[in-house]
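This report concerns only the one structure given below.
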Protein chains: 2
Amino acid sequence: MPHVQKEVERFAAFLQQQGLKLTSERAALVREIFSTHYHFEADELLFKMKEKAVKISRATVYRTLELLVKTGMVRRVHLGEDHYHYEHVTGNSHHDHLVCTTCGSVIEFHDAWLEERQREICKKRHFTPTFHNLQILGVCEACKRKGEQPDAPDRVKMIQVAAMQLRK
Amino acid sequence: MPHVQKEVERFAAFLQQQGLKLTSERAALVREIFSTHYHFEADELLFKMKEKAVKISRATVYRTLELLVKTGMVRRVHLGEDHYHYEHVTGNSHHDHLVCTTCGSVIEFHDAWLEERQREICKKRHFTPTFHNLQILGVCEACKRKGEQPDAPDRVKMIQVAAMQLRK
DNA sequence: CTGCAATTGAGACTCAGTCTCAATTGTTCA
DNA sequence: TGAACAATTGAGACTGAGTCTCAATTGCAG
């Protein structure tokens, strides 16, 4: 990922401008976040850092995510029915999510028409939108084809278990 | 609210059909839920029942909400950036939400065009939708007019405090 | 190189929500 | 009507994501 360094610099610039410091922990987190494509959870990030033997505390992970959300480099999203997920924001535009309730996979999509219509709805109600969040829950093609197979051991659950053990 | 009794009966029918029982606690909760219009939180409901001197435990509140969600009489929604909220479902159709991030007020809306477009998007991706959740966050007309006033003590926070004290 | 504000880690804490289990209650059937 | 028994309840322990505190550490401006 050649862009990662650029993202670190973007964050550094923001920090400086706010009178904040670019610490090694913050840089490491940004590098990690921007070198993967997937949506992630805070604990999952914590876990990955431990795996790489980069020691960063839970508190710092959350604090850094908060800063990144403030800069707009990371977005907090609801997926499915659970707690928060995060996704990094690169130049590319806003998108929404199709979430498979069987396997947890996420398909991103963007639809200009949908966005435009939302703007119209807001205008009609004299509401000034700043952000929106649309998830469509359902069943993805692969799961539908597989039919009612017993729940596969899924990635999310495995991560949770791993994170729990770490916590000790 | 003359409809409330009808809702209790609807729930009773569902329970019977599942071999479950209509207890006084369940009936009281349904009556409470369907005699208010607003979105509510589980703890808020618990609090209201205590206020009315109807003793119902936290566990029962959550268990009953779960049943009501299963019947489709109540819907679980994300509003703003927090935990869950619930809303009762009467005959009327699905709707989405405009959520004011300043005062927490919620405007419901329904737009057939939006819904139709979503169906098309799903079809194109071979995704079988079962449900969706759209919130548009922003600033409502009243708050915009008031400008940048210091945060008013809001309803949500008050309820949380009250609920916390109860918990003891 | 120094000084100091910003930052960190460890772990206590919060809070919504879940689970357990003994005691209670609604319903079915005689 | 009443016995029998499964479903339900309440109290409180527990969980897990996220927040807070504070002493020790670190980045950076001068």
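Naming scheme: A, B, ... for chains in displayed order of the structure tokens; residues 1 onward per chain; ligands 1 onward as shown.
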
As a PyMOL selection string, please: the residues near Phe40 of chain B (cut-off 10 Å, only C-alpha atoms (C1' of nucleotides), same-chain neighbours under 6 positions excluded).
chain B and resi 33+76-77+84-88+156

For chain C against chain A, with a cut-off of 8 Å and counting only C-alpha atoms (C1' of nucleotides), what is the closest atom pair and its distance in Å to one decimal for every residue that makes the cut, ordered by chain and number, as JSON lines?
{"residue": "C:DA6", "atom": "C1'", "partner": "A:Leu20", "partner_atom": "CA", "distance": 6.7}
{"residue": "C:DT7", "atom": "C1'", "partner": "A:Thr23", "partner_atom": "CA", "distance": 7.9}
{"residue": "C:DT8", "atom": "C1'", "partner": "A:Thr60", "partner_atom": "CA", "distance": 7.3}
{"residue": "C:DG9", "atom": "C1'", "partner": "A:Ser57", "partner_atom": "CA", "distance": 5.9}

With N, CA and C atoms (P, O5', C5', C4', C3', O3' and C1' of nucleotides) retained, export the selected residues as a PDB file, in the first residue's frame.
ATOM      1  P    DA C   6      -1.853  20.994  26.016  1.00  0.00           P
ATOM      2  O5'  DA C   6      -1.353  19.608  25.402  1.00  0.00           O
ATOM      3  C5'  DA C   6      -0.630  19.622  24.181  1.00  0.00           C
ATOM      4  C4'  DA C   6      -0.282  18.194  23.831  1.00  0.00           C
ATOM      5  C3'  DA C   6      -1.483  17.268  23.710  1.00  0.00           C
ATOM      6  O3'  DA C   6      -1.227  16.449  22.582  1.00  0.00           O
ATOM      7  C1'  DA C   6       0.015  16.408  25.314  1.00  0.00           C
ATOM      8  P    DT C   7      -2.147  15.282  22.214  1.00  0.00           P
ATOM      9  O5'  DT C   7      -1.506  14.088  23.023  1.00  0.00           O
ATOM     10  C5'  DT C   7      -0.270  13.546  22.565  1.00  0.00           C
ATOM     11  C4'  DT C   7       0.047  12.313  23.362  1.00  0.00           C
ATOM     12  C3'  DT C   7      -1.009  11.219  23.309  1.00  0.00           C
ATOM     13  O3'  DT C   7      -0.441  10.157  22.565  1.00  0.00           O
ATOM     14  C1'  DT C   7      -0.119  11.527  25.498  1.00  0.00           C
ATOM     15  P    DT C   8      -1.269   8.820  22.342  1.00  0.00           P
ATOM     16  O5'  DT C   8      -0.789   7.914  23.543  1.00  0.00           O
ATOM     17  C5'  DT C   8       0.602   7.596  23.666  1.00  0.00           C
ATOM     18  C4'  DT C   8       0.815   6.839  24.953  1.00  0.00           C
ATOM     19  C3'  DT C   8      -0.121   5.652  25.115  1.00  0.00           C
ATOM     20  O3'  DT C   8       0.612   4.451  24.940  1.00  0.00           O
ATOM     21  C1'  DT C   8       0.050   6.965  27.119  1.00  0.00           C
ATOM     22  P    DG C   9      -0.159   3.095  24.835  1.00  0.00           P
ATOM     23  O5'  DG C   9      -0.187   2.651  26.355  1.00  0.00           O
ATOM     24  C5'  DG C   9       1.031   2.500  27.038  1.00  0.00           C
ATOM     25  C4'  DG C   9       0.770   1.942  28.416  1.00  0.00           C
ATOM     26  C3'  DG C   9      -0.110   0.704  28.461  1.00  0.00           C
ATOM     27  O3'  DG C   9       0.421  -0.104  29.497  1.00  0.00           O
ATOM     28  C1'  DG C   9      -1.180   2.454  29.653  1.00  0.00           C
TER      29       DG C   9
END

Contacts of chain A with chain B up to 12 Å, shortest pair per row, only C-alpha atoms, as CSV:
residue,atom,partner,partner_atom,distance
A:Arg76,CA,B:Glu81,CA,9.1
A:Val77,CA,B:Glu81,CA,9.1
A:His78,CA,B:His78,CA,8.4
A:Leu79,CA,B:Asn133,CA,10.1
A:Gly80,CA,B:Asn133,CA,9.7
A:Glu81,CA,B:His78,CA,8.9
A:Asp82,CA,B:His83,CA,9.3
A:His83,CA,B:His83,CA,8.3
A:Tyr84,CA,B:Glu81,CA,9.3
A:His85,CA,B:Glu81,CA,12.0
A:Asp96,CA,B:Leu134,CA,9.8
A:His97,CA,B:His132,CA,10.0
A:Leu98,CA,B:Phe127,CA,7.8
A:Val99,CA,B:Pro129,CA,9.0
A:Cys100,CA,B:Phe127,CA,8.4
A:Thr101,CA,B:Thr130,CA,9.3
A:Thr102,CA,B:Thr128,CA,11.4
A:Ser105,CA,B:Phe127,CA,11.4
A:Val106,CA,B:Phe127,CA,10.9
A:Ile107,CA,B:Arg125,CA,8.8
A:Glu108,CA,B:Arg125,CA,10.3
A:Phe109,CA,B:Ile121,CA,8.5
A:His110,CA,B:Ile121,CA,9.4
A:Asp111,CA,B:Ile121,CA,8.3
A:Ala112,CA,B:Arg117,CA,10.8
A:Trp113,CA,B:Arg117,CA,8.2
A:Leu114,CA,B:Leu114,CA,6.4
A:Glu115,CA,B:Leu114,CA,9.4
A:Glu116,CA,B:Leu114,CA,10.1
A:Arg117,CA,B:Leu114,CA,7.1
A:Gln118,CA,B:Leu114,CA,8.0
A:Arg119,CA,B:Ile136,CA,9.7
A:Glu120,CA,B:Asp111,CA,10.8
A:Ile121,CA,B:Asp111,CA,8.3
A:Cys122,CA,B:Leu98,CA,8.0
A:Lys123,CA,B:Glu141,CA,10.3
A:Lys124,CA,B:Phe109,CA,10.8
A:Arg125,CA,B:Glu141,CA,8.2
A:His126,CA,B:Glu141,CA,5.6
A:Phe127,CA,B:Cys140,CA,4.8
A:Thr128,CA,B:Val139,CA,5.1
A:Pro129,CA,B:Gly138,CA,4.1
A:Thr130,CA,B:Gly138,CA,4.7
A:Phe131,CA,B:Leu137,CA,5.2
A:His132,CA,B:Ile136,CA,4.2
A:Asn133,CA,B:Gln135,CA,5.5
A:Leu134,CA,B:Leu134,CA,4.3
A:Gln135,CA,B:Asn133,CA,5.5
A:Ile136,CA,B:His132,CA,4.2
A:Leu137,CA,B:Phe131,CA,5.2
A:Gly138,CA,B:Pro129,CA,4.1
A:Val139,CA,B:Thr128,CA,5.1
A:Cys140,CA,B:Phe127,CA,4.8
A:Glu141,CA,B:His126,CA,5.6
A:Ala142,CA,B:Phe127,CA,9.2
A:Cys143,CA,B:Phe127,CA,9.7
A:Lys144,CA,B:Thr128,CA,8.2
A:Arg145,CA,B:His126,CA,10.8

Do you know which residues are at most 8 Å from Phe11 of chain B counting only C-alpha atoms (C1' of nucleotides), after dropping those on the same chain fewer than 3 positions away, and could you put them as a PyMOL selection string?
chain B and resi 7-8+14-15+68+71

Please check the contacts: residues of chain D at most 12 Å away from chain A, using only C-alpha atoms (C1' of nucleotides), listed as a PyMOL selection string.
chain D and resi 15-21+25-29

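Coordinates place atom CA of His39 of chain B at a distance of 10.3 Å from atom CA of Val74 of chain B.
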
Rounded to one decimal in Å, what is the spacing between atom CA of Val54 of chain B and atom C1' of DA23 of chain C?
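Atom-to-atom, atom CA of Val54 of chain B to atom C1' of DA23 of chain C, that is 19.3 Å.
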
For Arg10 of chain B, list every protein, DNA or RNA residue within 12 Å, evaluated using only C-alpha atoms (C1' of nucleotides), and leave out those in the same chain fewer than 3 positions away; present the list as a list in words.
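So, after excluding close chain neighbours, the residues are His3, Val4, Gln5, Lys6, Glu7, Ala13, Phe14, Leu15, Gln16, Gln17, Leu22, Ala27, Val30, Arg31, Phe34, Leu68, Thr71, Gly72, Met73, Thr90 and Gly91 of chain B.
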
Those same residues - C-alpha atoms - I'd like them written as a PDB file, in the first residue's frame.
ATOM      1  CA  HIS B   3     -56.954   1.038  20.055  1.00  0.00           C
ATOM      2  CA  VAL B   4     -54.816  -0.119  22.892  1.00  0.00           C
ATOM      3  CA  GLN B   5     -57.033  -3.012  23.822  1.00  0.00           C
ATOM      4  CA  LYS B   6     -56.974  -4.201  20.235  1.00  0.00           C
ATOM      5  CA  GLU B   7     -53.194  -4.319  20.339  1.00  0.00           C
ATOM      6  CA  ALA B  13     -53.336 -14.098  19.727  1.00  0.00           C
ATOM      7  CA  PHE B  14     -49.698 -14.319  18.747  1.00  0.00           C
ATOM      8  CA  LEU B  15     -48.721 -15.640  22.147  1.00  0.00           C
ATOM      9  CA  GLN B  16     -51.391 -18.282  22.149  1.00  0.00           C
ATOM     10  CA  GLN B  17     -50.443 -19.427  18.715  1.00  0.00           C
ATOM     11  CA  LEU B  22     -50.390 -13.506  28.194  1.00  0.00           C
ATOM     12  CA  ALA B  27     -50.338  -6.770  28.822  1.00  0.00           C
ATOM     13  CA  VAL B  30     -48.212  -3.439  25.468  1.00  0.00           C
ATOM     14  CA  ARG B  31     -50.723  -0.957  26.828  1.00  0.00           C
ATOM     15  CA  PHE B  34     -49.206   1.641  22.334  1.00  0.00           C
ATOM     16  CA  LEU B  68     -42.996  -7.749  20.278  1.00  0.00           C
ATOM     17  CA  THR B  71     -44.475 -10.345  16.096  1.00  0.00           C
ATOM     18  CA  GLY B  72     -43.695  -7.206  14.152  1.00  0.00           C
ATOM     19  CA  MET B  73     -45.688  -5.017  16.515  1.00  0.00           C
ATOM     20  CA  THR B  90     -49.460   0.270  13.932  1.00  0.00           C
ATOM     21  CA  GLY B  91     -51.154  -0.598  10.701  1.00  0.00           C
TER      22      GLY B  91
END
